>>> print(open('input-v6.pdb').read())   # PDB, C-alpha atoms
ATOM      1  CA  MET P  14     -39.230 -32.899 -79.913
ATOM      2  CA  GLU P  15     -39.441 -31.898 -76.262
ATOM      3  CA  GLN P  16     -36.969 -34.612 -75.359
ATOM      4  CA  PHE P  17     -34.562 -33.266 -77.971
ATOM      5  CA  GLU P  18     -34.936 -29.743 -76.613
ATOM      6  CA  GLN P  19     -34.271 -30.974 -73.104
ATOM      7  CA  LEU P  20     -31.238 -32.886 -74.382
ATOM      8  CA  ILE P  21     -29.575 -29.816 -75.908
ATOM      9  CA  ARG P  22     -30.745 -27.452 -73.157
ATOM     10  CA  ILE P  23     -27.775 -25.653 -71.558
ATOM     11  CA  PRO P  24     -28.487 -24.612 -67.957
ATOM     12  CA  LEU P  25     -26.488 -21.411 -68.298
ATOM     13  CA  GLY P  26     -28.662 -19.489 -65.873
ATOM     14  CA  GLN P  27     -28.134 -22.109 -63.157
ATOM     15  CA  TRP P  28     -24.389 -22.024 -63.746
ATOM     16  CA  VAL P  29     -24.359 -18.258 -63.336
ATOM     17  CA  ARG P  30     -26.429 -18.505 -60.160
ATOM     18  CA  SER P  31     -24.065 -21.139 -58.789
ATOM     19  CA  LEU P  32     -21.099 -18.903 -59.616
ATOM     20  CA  ILE P  33     -22.688 -15.968 -57.807
ATOM     21  CA  ASP P  34     -23.445 -18.147 -54.763
ATOM     22  CA  PHE P  35     -19.832 -19.361 -54.792
ATOM     23  CA  LEU P  36     -18.507 -15.804 -54.950
ATOM     24  CA  LYS P  37     -20.778 -14.677 -52.122
ATOM     25  CA  GLU P  38     -19.740 -17.590 -49.926
ATOM     26  CA  TYR P  39     -15.977 -17.461 -50.429
ATOM     27  CA  LEU P  40     -15.396 -13.804 -51.390
ATOM     28  CA  GLY P  41     -18.112 -12.167 -49.322
ATOM     29  CA  GLY P  42     -15.560 -10.206 -47.297
ATOM     30  CA  LEU P  43     -14.037  -8.759 -50.461
ATOM     31  CA  PHE P  44     -17.418  -7.631 -51.771
ATOM     32  CA  ASP P  45     -18.242  -6.112 -48.389
ATOM     33  CA  ALA P  46     -14.981  -4.156 -48.518
ATOM     34  CA  ILE P  47     -15.737  -2.976 -52.053
ATOM     35  CA  ALA P  48     -19.210  -1.913 -50.953
ATOM     36  CA  THR P  49     -17.761   0.033 -48.023
ATOM     37  CA  VAL P  50     -15.237   1.837 -50.222
ATOM     38  CA  PHE P  51     -17.779   2.682 -52.928
ATOM     39  CA  THR P  52     -20.296   3.885 -50.348
ATOM     40  CA  SER P  53     -17.696   6.100 -48.697
ATOM     41  CA  ILE P  54     -16.633   7.627 -52.003
ATOM     42  CA  TYR P  55     -20.235   8.221 -53.018
ATOM     43  CA  ASP P  56     -21.086   9.795 -49.660
ATOM     44  CA  VAL P  57     -18.217  12.246 -50.073
ATOM     45  CA  ALA P  58     -19.258  13.093 -53.642
ATOM     46  CA  ALA P  59     -22.898  13.506 -52.630
ATOM     47  CA  TRP P  60     -21.857  15.776 -49.761
ATOM     48  CA  VAL P  61     -19.729  17.893 -52.103
ATOM     49  CA  PHE P  62     -22.606  18.468 -54.533
ATOM     50  CA  THR P  63     -25.562  18.721 -52.149
ATOM     51  CA  THR P  64     -24.124  20.666 -49.199
ATOM     52  CA  PRO P  65     -23.103  23.944 -50.899
ATOM     53  CA  PRO P  66     -25.830  26.334 -52.098
ATOM     54  CA  PHE P  67     -26.892  25.916 -55.695
ATOM     55  CA  TRP P  68     -25.183  29.126 -56.817
ATOM     56  CA  ALA P  69     -21.793  27.878 -55.548
ATOM     57  CA  VAL P  70     -22.047  24.712 -57.647
ATOM     58  CA  ILE P  71     -23.064  26.767 -60.681
ATOM     59  CA  VAL P  72     -20.148  29.163 -60.202
ATOM     60  CA  VAL P  73     -17.622  26.315 -59.950
ATOM     61  CA  PHE P  74     -18.860  24.601 -63.115
ATOM     62  CA  ALA P  75     -19.115  27.906 -64.980
ATOM     63  CA  ALA P  76     -15.531  28.771 -64.011
ATOM     64  CA  ALA P  77     -14.351  25.354 -65.220
ATOM     65  CA  ALA P  78     -16.217  25.865 -68.498
ATOM     66  CA  TRP P  79     -14.657  29.314 -68.890
ATOM     67  CA  LEU P  80     -11.158  27.901 -68.378
ATOM     68  CA  VAL P  81     -11.479  25.004 -70.822
ATOM     69  CA  LYS P  82     -13.454  26.690 -73.598
ATOM     70  CA  GLY P  83     -14.514  30.280 -73.004
ATOM     71  CA  TRP P  84     -17.430  32.466 -72.027
ATOM     72  CA  ARG P  85     -19.936  30.829 -74.387
ATOM     73  CA  LEU P  86     -19.591  27.445 -72.700
ATOM     74  CA  ALA P  87     -19.710  29.152 -69.290
ATOM     75  CA  VAL P  88     -22.993  30.857 -70.168
ATOM     76  CA  GLY P  89     -24.431  27.604 -71.521
ATOM     77  CA  THR P  90     -23.397  25.812 -68.323
ATOM     78  CA  VAL P  91     -25.146  28.408 -66.176
ATOM     79  CA  LEU P  92     -28.304  28.188 -68.294
ATOM     80  CA  GLY P  93     -28.309  24.392 -68.046
ATOM     81  CA  PHE P  94     -28.137  24.438 -64.266
ATOM     82  CA  VAL P  95     -30.792  27.162 -64.112
ATOM     83  CA  VAL P  96     -33.131  24.906 -66.105
ATOM     84  CA  ILE P  97     -32.512  22.073 -63.604
ATOM     85  CA  LEU P  98     -33.271  24.451 -60.760
ATOM     86  CA  ALA P  99     -36.383  25.779 -62.503
ATOM     87  CA  VAL P 100     -37.936  22.301 -62.883
ATOM     88  CA  ASP P 101     -37.314  21.597 -59.162
ATOM     89  CA  GLN P 102     -34.925  18.691 -59.713
ATOM     90  CA  TRP P 103     -31.770  20.161 -58.188
ATOM     91  CA  GLU P 104     -31.375  17.677 -55.318
ATOM     92  CA  ASN P 105     -31.967  14.640 -57.544
ATOM     93  CA  ALA P 106     -29.677  16.069 -60.217
ATOM     94  CA  MET P 107     -26.824  16.526 -57.739
ATOM     95  CA  LEU P 108     -27.232  12.953 -56.480
ATOM     96  CA  THR P 109     -27.168  11.684 -60.073
ATOM     97  CA  LEU P 110     -24.118  13.830 -60.781
ATOM     98  CA  ALA P 111     -22.373  12.392 -57.716
ATOM     99  CA  LEU P 112     -23.133   8.801 -58.750
ATOM    100  CA  THR P 113     -22.046   9.490 -62.315
ATOM    101  CA  ILE P 114     -18.760  11.114 -61.330
ATOM    102  CA  VAL P 115     -17.891   8.292 -58.918
ATOM    103  CA  ALA P 116     -18.626   5.673 -61.584
ATOM    104  CA  VAL P 117     -16.714   7.647 -64.225
ATOM    105  CA  LEU P 118     -13.634   8.059 -62.015
ATOM    106  CA  ILE P 119     -13.505   4.354 -61.171
ATOM    107  CA  ALA P 120     -14.226   3.251 -64.745
ATOM    108  CA  THR P 121     -11.583   5.640 -66.111
ATOM    109  CA  ALA P 122      -9.019   4.453 -63.552
ATOM    110  CA  ILE P 123      -9.569   0.909 -64.857
ATOM    111  CA  ALA P 124     -10.073   1.657 -68.563
ATOM    112  CA  ILE P 125      -7.007   3.785 -69.312
ATOM    113  CA  PRO P 126      -4.356   1.433 -67.816
ATOM    114  CA  LEU P 127      -6.114  -1.556 -69.375
ATOM    115  CA  GLY P 128      -6.242   0.201 -72.756
ATOM    116  CA  ILE P 129      -2.533   1.061 -72.532
ATOM    117  CA  TRP P 130      -1.731  -2.544 -71.631
ATOM    118  CA  ALA P 131      -3.809  -3.815 -74.550
ATOM    119  CA  ALA P 132      -2.067  -1.382 -76.916
ATOM    120  CA  ARG P 133       1.367  -2.621 -75.845
ATOM    121  CA  SER P 134       0.528  -6.327 -75.816
ATOM    122  CA  GLN P 135      -1.231  -8.085 -78.654
ATOM    123  CA  THR P 136      -2.035 -11.029 -76.376
ATOM    124  CA  VAL P 137      -3.810  -8.799 -73.882
ATOM    125  CA  SER P 138      -5.685  -7.137 -76.735
ATOM    126  CA  HIS P 139      -6.919 -10.509 -78.019
ATOM    127  CA  VAL P 140      -8.079 -11.479 -74.520
ATOM    128  CA  VAL P 141      -9.731  -8.146 -73.691
ATOM    129  CA  ARG P 142     -11.554  -7.645 -76.994
ATOM    130  CA  PRO P 143     -14.198 -10.405 -76.611
ATOM    131  CA  VAL P 144     -14.804  -9.318 -73.007
ATOM    132  CA  LEU P 145     -15.470  -5.769 -74.206
ATOM    133  CA  ASP P 146     -17.759  -7.095 -76.936
ATOM    134  CA  PHE P 147     -19.709  -8.983 -74.287
ATOM    135  CA  LEU P 148     -19.984  -5.915 -72.042
ATOM    136  CA  GLN P 149     -21.121  -3.652 -74.876
ATOM    137  CA  THR P 150     -23.771  -5.997 -76.265
ATOM    138  CA  MET P 151     -25.282  -7.144 -72.960
ATOM    139  CA  PRO P 152     -28.620  -5.396 -72.237
ATOM    140  CA  ALA P 153     -28.313  -2.739 -69.555
ATOM    141  CA  PHE P 154     -30.869  -4.303 -67.218
ATOM    142  CA  VAL P 155     -28.924  -7.571 -67.051
ATOM    143  CA  TYR P 156     -26.069  -5.846 -65.209
ATOM    144  CA  LEU P 157     -28.402  -5.119 -62.313
ATOM    145  CA  LEU P 158     -29.029  -8.781 -61.485
ATOM    146  CA  PRO P 159     -25.525  -9.902 -60.405
ATOM    147  CA  ALA P 160     -24.953  -6.490 -58.805
ATOM    148  CA  ILE P 161     -28.021  -6.984 -56.580
ATOM    149  CA  PHE P 162     -27.009 -10.512 -55.598
ATOM    150  CA  LEU P 163     -23.441  -9.476 -54.733
ATOM    151  CA  PHE P 164     -24.056  -6.077 -53.133
ATOM    152  CA  SER P 165     -27.726  -6.093 -52.086
ATOM    153  CA  VAL P 166     -29.946  -3.061 -52.793
ATOM    154  CA  GLY P 167     -28.666   0.506 -52.683
ATOM    155  CA  VAL P 168     -26.210   2.822 -54.342
ATOM    156  CA  VAL P 169     -23.357   0.279 -54.593
ATOM    157  CA  PRO P 170     -25.005  -2.102 -57.110
ATOM    158  CA  GLY P 171     -25.929   0.983 -59.137
ATOM    159  CA  ILE P 172     -22.288   2.097 -59.223
ATOM    160  CA  VAL P 173     -21.026  -1.397 -60.067
ATOM    161  CA  ALA P 174     -23.572  -1.876 -62.861
ATOM    162  CA  THR P 175     -22.760   1.583 -64.228
ATOM    163  CA  ILE P 176     -19.028   0.834 -64.287
ATOM    164  CA  MET P 177     -19.539  -2.464 -66.108
ATOM    165  CA  PHE P 178     -21.878  -0.855 -68.616
ATOM    166  CA  ALA P 179     -19.670   2.167 -69.365
ATOM    167  CA  ILE P 180     -16.089   0.906 -69.234
ATOM    168  CA  ALA P 181     -15.782  -0.676 -72.697
ATOM    169  CA  PRO P 182     -15.427   2.454 -74.902
ATOM    170  CA  GLY P 183     -12.780   3.854 -72.564
ATOM    171  CA  VAL P 184     -10.610   0.771 -73.037
ATOM    172  CA  ARG P 185     -11.165   0.617 -76.788
ATOM    173  CA  LEU P 186     -10.452   4.277 -77.518
ATOM    174  CA  THR P 187      -7.393   4.337 -75.270
ATOM    175  CA  GLU P 188      -5.954   1.350 -77.098
ATOM    176  CA  LEU P 189      -6.847   2.914 -80.450
ATOM    177  CA  GLY P 190      -5.212   6.211 -79.508
ATOM    178  CA  ILE P 191      -1.963   4.596 -78.334
ATOM    179  CA  ARG P 192      -1.762   2.362 -81.408
ATOM    180  CA  GLY P 193      -2.444   5.357 -83.659
ATOM    181  CA  VAL P 194       0.657   7.281 -82.589
ATOM    182  CA  ASP P 195       3.184   7.689 -85.413
ATOM    183  CA  PRO P 196       5.664   4.778 -85.054
ATOM    184  CA  GLU P 197       8.521   6.936 -86.346
ATOM    185  CA  VAL P 198       8.088   9.366 -83.475
ATOM    186  CA  VAL P 199       8.109   6.503 -80.968
ATOM    187  CA  GLU P 200      11.174   4.933 -82.587
ATOM    188  CA  ALA P 201      13.003   8.249 -82.522
ATOM    189  CA  GLY P 202      12.413   8.578 -78.797
ATOM    190  CA  GLN P 203      13.576   5.012 -78.202
ATOM    191  CA  ALA P 204      16.662   5.480 -80.370
ATOM    192  CA  PHE P 205      17.893   8.299 -78.156
ATOM    193  CA  GLY P 206      17.586   6.387 -74.927
ATOM    194  CA  ALA P 207      14.061   7.163 -73.739
ATOM    195  CA  THR P 208      12.686   4.473 -71.471
ATOM    196  CA  PRO P 209       9.327   2.864 -72.342
ATOM    197  CA  GLY P 210       7.713   4.753 -69.488
ATOM    198  CA  ARG P 211       9.067   8.067 -70.726
ATOM    199  CA  VAL P 212       7.973   7.339 -74.284
ATOM    200  CA  LEU P 213       4.504   6.576 -72.967
ATOM    201  CA  ARG P 214       4.261   9.693 -70.791
ATOM    202  CA  GLN P 215       5.886  12.241 -73.091
ATOM    203  CA  ILE P 216       5.025  10.993 -76.583
ATOM    204  CA  GLN P 217       2.238   8.430 -76.763
ATOM    205  CA  LEU P 218      -0.166   9.777 -74.145
ATOM    206  CA  PRO P 219      -0.029  13.433 -75.329
ATOM    207  CA  LEU P 220      -0.651  12.391 -78.934
ATOM    208  CA  ALA P 221      -3.372   9.912 -77.948
ATOM    209  CA  LEU P 222      -5.114  12.412 -75.665
ATOM    210  CA  PRO P 223      -7.961  13.307 -78.100
ATOM    211  CA  SER P 224      -8.870   9.640 -78.476
ATOM    212  CA  ILE P 225      -8.585   9.028 -74.729
ATOM    213  CA  MET P 226     -10.802  12.020 -73.976
ATOM    214  CA  ALA P 227     -13.339  10.734 -76.494
ATOM    215  CA  GLY P 228     -13.371   7.471 -74.551
ATOM    216  CA  ILE P 229     -13.893   9.322 -71.272
ATOM    217  CA  ASN P 230     -16.703  11.269 -72.908
ATOM    218  CA  GLN P 231     -18.392   8.020 -73.877
ATOM    219  CA  ILE P 232     -17.937   6.670 -70.360
ATOM    220  CA  ILE P 233     -19.711   9.758 -69.014
ATOM    221  CA  MET P 234     -22.621   9.486 -71.426
ATOM    222  CA  LEU P 235     -23.131   5.770 -70.778
ATOM    223  CA  SER P 236     -22.797   6.294 -67.029
ATOM    224  CA  LEU P 237     -25.521   8.927 -67.099
ATOM    225  CA  SER P 238     -27.873   6.662 -69.011
ATOM    226  CA  MET P 239     -27.157   3.753 -66.685
ATOM    227  CA  SER P 240     -27.497   5.866 -63.537
ATOM    228  CA  VAL P 241     -31.181   6.319 -64.384
ATOM    229  CA  ILE P 242     -31.695   2.580 -64.786
ATOM    230  CA  ALA P 243     -29.745   1.971 -61.574
ATOM    231  CA  SER P 244     -32.543   3.609 -59.606
ATOM    232  CA  MET P 245     -34.421   0.319 -59.985
ATOM    233  CA  VAL P 246     -31.978  -1.244 -57.515
ATOM    234  CA  GLY P 247     -32.117   1.608 -55.025
ATOM    235  CA  ALA P 248     -29.661   4.141 -56.442
ATOM    236  CA  PRO P 249     -30.732   7.719 -55.678
ATOM    237  CA  GLY P 250     -31.046  10.557 -58.137
ATOM    238  CA  LEU P 251     -33.092  11.447 -61.186
ATOM    239  CA  GLY P 252     -33.910   7.835 -61.924
ATOM    240  CA  ARG P 253     -36.386   7.659 -59.065
ATOM    241  CA  PRO P 254     -38.789  10.337 -60.341
ATOM    242  CA  ILE P 255     -38.488   8.875 -63.829
ATOM    243  CA  VAL P 256     -39.443   5.409 -62.579
ATOM    244  CA  GLN P 257     -42.270   6.936 -60.517
ATOM    245  CA  ALA P 258     -43.485   8.796 -63.587
ATOM    246  CA  LEU P 259     -43.518   5.568 -65.604
ATOM    247  CA  SER P 260     -45.413   3.641 -62.942
ATOM    248  CA  SER P 261     -48.023   6.380 -62.431
ATOM    249  CA  VAL P 262     -48.062   7.709 -66.022
ATOM    250  CA  ASN P 263     -47.043  11.123 -64.696
ATOM    251  CA  VAL P 264     -45.954  12.860 -67.899
ATOM    252  CA  PRO P 265     -44.974  16.239 -66.331
ATOM    253  CA  LEU P 266     -42.727  14.602 -63.707
ATOM    254  CA  GLY P 267     -41.106  12.304 -66.249
ATOM    255  CA  PHE P 268     -40.439  15.150 -68.666
ATOM    256  CA  GLU P 269     -38.947  17.398 -65.958
ATOM    257  CA  ALA P 270     -36.619  14.688 -64.630
ATOM    258  CA  GLY P 271     -35.671  13.657 -68.158
ATOM    259  CA  LEU P 272     -34.879  17.260 -69.058
ATOM    260  CA  ALA P 273     -32.598  17.494 -66.009
ATOM    261  CA  VAL P 274     -30.710  14.399 -67.217
ATOM    262  CA  VAL P 275     -30.316  15.998 -70.646
ATOM    263  CA  MET P 276     -28.924  19.201 -69.106
ATOM    264  CA  ILE P 277     -26.331  17.302 -67.065
ATOM    265  CA  ALA P 278     -25.372  15.245 -70.111
ATOM    266  CA  MET P 279     -24.909  18.331 -72.277
ATOM    267  CA  ILE P 280     -22.804  20.125 -69.653
ATOM    268  CA  LEU P 281     -20.493  17.163 -69.057
ATOM    269  CA  ASP P 282     -20.305  16.408 -72.778
ATOM    270  CA  ARG P 283     -19.242  19.959 -73.658
ATOM    271  CA  LEU P 284     -16.695  20.102 -70.842
ATOM    272  CA  THR P 285     -15.001  16.831 -71.747
ATOM    273  CA  GLY P 286     -15.268  17.637 -75.453
ATOM    274  CA  ALA P 287     -13.491  20.942 -74.872
ATOM    275  CA  LEU P 288     -10.731  19.188 -72.947
ATOM    276  CA  GLY P 289     -10.336  16.595 -75.702
ATOM    277  CA  SER P 290     -10.195  19.197 -78.469
ATOM    278  CA  ARG P 291      -7.255  20.985 -76.922
ATOM    279  CA  ARG P 292      -4.115  20.549 -78.953
ATOM    280  CA  PRO P 293      -1.540  18.424 -77.150
ATOM    281  CA  SER P 294       1.825  19.865 -76.290
ATOM    282  CA  ARG P 295       4.187  19.696 -79.245
ATOM    283  CA  ARG P 296       7.377  19.668 -77.199
ATOM    284  CA  PRO P 297       7.779  15.879 -76.861
ATOM    285  CA  VAL P 298       6.778  15.392 -80.485
ATOM    286  CA  ALA P 299       9.066  18.134 -81.735
ATOM    287  CA  ALA P 300      11.944  16.761 -79.700
ATOM    288  CA  ALA P 301      11.401  13.266 -81.052
ATOM    289  CA  ARG P 302      11.172  14.523 -84.629
ATOM    290  CA  ALA P 303      14.316  16.605 -84.170
ATOM    291  CA  ALA P 304      16.041  13.504 -82.838
ATOM    292  CA  SER P 305      14.846  11.555 -85.846
ATOM    293  CA  ASP P 306      16.177  14.242 -88.239
ATOM    294  CA  ALA P 307      19.492  14.307 -86.414
ATOM    295  CA  ARG P 308      19.753  10.543 -86.697
ATOM    296  CA  SER P 309      19.063  10.739 -90.427
ATOM    297  CA  ASP P 310      21.696  13.455 -90.882
ATOM    298  CA  ALA P 311      24.175  11.328 -88.990
ATOM    299  CA  VAL P 312      23.500   8.259 -91.111
ATOM    300  CA  VAL P 313      23.920  10.013 -94.483
ATOM    301  CA  PRO P 314      27.696  10.759 -94.169
ATOM    302  CA  ALA P 315      28.328   7.272 -92.862
ATOM    303  CA  THR P 316      26.734   5.663 -95.877
ATOM    304  CA  ALA P 317      28.113   8.137 -98.424
TER     305      ALA P 317
END
>>> encode(input="input-v6.pdb", output="structure tokens")
Amino acid sequence: MEQFEQLIRIPLGQWVRSLIDFLKEYLGGLFDAIATVFTSIYDVAAWVFTTPPFWAVIVVFAAAAWLVKGWRLAVGTVLGFVVILAVDQWENAMLTLALTIVAVLIATAIAIPLGIWAARSQTVSHVVRPVLDFLQTMPAFVYLLPAIFLFSVGVVPGIVATIMFAIAPGVRLTELGIRGVDPEVVEAGQAFGATPGRVLRQIQLPLALPSIMAGINQIIMLSLSMSVIASMVGAPGLGRPIVQALSSVNVPLGFEAGLAVVMIAMILDRLTGALGSRRPSRRPVAAARAASDARSDAVVPATA
């Protein structure tokens, strides 16, 4: 029986390790450049959130909440940040917010173009779909292993692991939103000479915006959850006190840091949800529908 098990044993782990060693040996310069860029971006984000006084950060987020939704969301945003300040987790919360925003920006910059490409090409969709399935079903802790081997310990492997963990819903919901646009509206725009790029910018993207924003919202939520786990590889923020609380069974510290994570998640969730719930501009849609009606009116006399 043992001989049979050895016969069918697939050394997948060794293959992965060999692949990582190969990448480090021949693409080490590329990974060093990526690490430098990610570190620089994170340093800027961390400086933006940690340098100003706490009230300035609260005012900026409250003003953004007021603009996108109204005074109720602004008040809720202020209360959320006050809770973070009251449990003495402001510095860690700002570092987590910086890491999350950097990961979200990079993941979104990859996910939206890839989702658009998948929506416009069935071949790309068939190739991307199993990769996204793999990324979504892989346990979160597994992402930390190749990130450590490729980027050592610190904030960079945390950002890379967070991007890999969070990118899938952004791609899926972008593709779903683009594919869900009314084909008649798209055809009307094409019939009157609109280029594919113009159709995408003025018709498909505005109508797919709620779905795209839902994907960004999911990226944010997954990034926040992963940013806590990323503290195990040296990423700063709220994950460190949570890990310390687990190792020392410090319930008060764990609850306070966990509550700060919840506050950040609720604030970002409400902000992105408010942006996604805004009605898209009807001008490109109305123009395309008017063009479609005009085409129909023109066809009727010709066929009469």
>>> resolve_selection(input="input-v6.pdb", expression="the PyMOL selection byres ((chain P and resi 171-178) around 9)", output="compact mmCIF listing (two decimals) with C-alpha atoms, in the coordinates of the input")
# COMPACT_ATOMS: atom_id res chain seq x y z
CA PHE P 51 -17.78 2.68 -52.93
CA TYR P 55 -20.24 8.22 -53.02
CA LEU P 112 -23.13 8.80 -58.75
CA THR P 113 -22.05 9.49 -62.32
CA VAL P 115 -17.89 8.29 -58.92
CA ALA P 116 -18.63 5.67 -61.58
CA VAL P 117 -16.71 7.65 -64.22
CA ILE P 119 -13.50 4.35 -61.17
CA ALA P 120 -14.23 3.25 -64.74
CA LEU P 148 -19.98 -5.92 -72.04
CA GLN P 149 -21.12 -3.65 -74.88
CA MET P 151 -25.28 -7.14 -72.96
CA PRO P 152 -28.62 -5.40 -72.24
CA ALA P 153 -28.31 -2.74 -69.56
CA PHE P 154 -30.87 -4.30 -67.22
CA VAL P 155 -28.92 -7.57 -67.05
CA TYR P 156 -26.07 -5.85 -65.21
CA LEU P 157 -28.40 -5.12 -62.31
CA LEU P 158 -29.03 -8.78 -61.48
CA PRO P 159 -25.52 -9.90 -60.40
CA ALA P 160 -24.95 -6.49 -58.80
CA ILE P 161 -28.02 -6.98 -56.58
CA PHE P 164 -24.06 -6.08 -53.13
CA VAL P 166 -29.95 -3.06 -52.79
CA GLY P 167 -28.67 0.51 -52.68
CA VAL P 168 -26.21 2.82 -54.34
CA VAL P 169 -23.36 0.28 -54.59
CA PRO P 170 -25.00 -2.10 -57.11
CA ALA P 179 -19.67 2.17 -69.36
CA ILE P 180 -16.09 0.91 -69.23
CA ALA P 181 -15.78 -0.68 -72.70
CA ILE P 232 -17.94 6.67 -70.36
CA LEU P 235 -23.13 5.77 -70.78
CA SER P 236 -22.80 6.29 -67.03
CA LEU P 237 -25.52 8.93 -67.10
CA SER P 238 -27.87 6.66 -69.01
CA MET P 239 -27.16 3.75 -66.68
CA SER P 240 -27.50 5.87 -63.54
CA ILE P 242 -31.70 2.58 -64.79
CA ALA P 243 -29.74 1.97 -61.57
CA SER P 244 -32.54 3.61 -59.61
CA MET P 245 -34.42 0.32 -59.98
CA VAL P 246 -31.98 -1.24 -57.52
CA GLY P 247 -32.12 1.61 -55.02
CA ALA P 248 -29.66 4.14 -56.44
CA PRO P 249 -30.73 7.72 -55.68
>>> residues_near_point(input="input-v6.pdb", point="(-8.8, -1.7, -63.7)", cutoff="12 Å", atoms="all atoms listed in the file", output="PyMOL selection string")
chain P and resi 118-130+141+176-177+180-181+183-184
>>> atom_distance(input="input-v6.pdb", atom1="atom CA of Gly267 of chain P", atom2="atom CA of Ile255 of chain P")
4.9 Å
>>> resolve_selection(input="input-v6.pdb", expression="the PyMOL selection byres ((chain P and resi 62) around 12)", output="number ranges by chain")
P: 55-61, 63-71, 73-74, 103-114
>>> residues_around(input="input-v6.pdb", residues="Ile97 of chain P", least_positions_apart="2", cutoff="12 Å", atoms="all atoms listed in the file", output="PyMOL selection string")
chain P and resi 67+71+90-95+99-107+251+268-278+280
>>> atom_distance(input="input-v6.pdb", atom1="atom CA of Val137 of chain P", atom2="atom CA of Leu186 of chain P")
15.1 Å
>>> atom_distance(input="input-v6.pdb", atom1="atom CA of Val262 of chain P", atom2="atom CA of Ser165 of chain P")
28.3 Å
>>> axis_aligned_box(input="input-v6.pdb", around="segment 64-78 of chain P", padding_each_side="6 Å", output="JSON")
{"center_x": -20.6, "center_y": 24.9, "center_z": -58.8, "size_x": 24.5, "size_y": 20.5, "size_z": 31.3}
>>> residues_around(input="input-v6.pdb", residues="Arg185 of chain P", least_positions_apart="5", cutoff="9 Å", atoms="all atoms listed in the file", output="PDB file with C-alpha atoms, in the coordinates of the input")
ATOM      1  CA  ALA P 124     -10.073   1.657 -68.563  1.00  0.00           C
ATOM      2  CA  GLY P 128      -6.242   0.201 -72.756  1.00  0.00           C
ATOM      3  CA  ALA P 131      -3.809  -3.815 -74.550  1.00  0.00           C
ATOM      4  CA  ARG P 142     -11.554  -7.645 -76.994  1.00  0.00           C
ATOM      5  CA  LEU P 145     -15.470  -5.769 -74.206  1.00  0.00           C
ATOM      6  CA  GLY P 190      -5.212   6.211 -79.508  1.00  0.00           C
ATOM      7  CA  GLY P 228     -13.371   7.471 -74.551  1.00  0.00           C
TER       8      GLY P 228
END
>>> closest_residue(input="input-v6.pdb", among="P:Asp34, P:Ser134, P:Gly41, P:Ile229", to="Leu284 of chain P", atoms="all atoms listed in the file")
P:Ile229
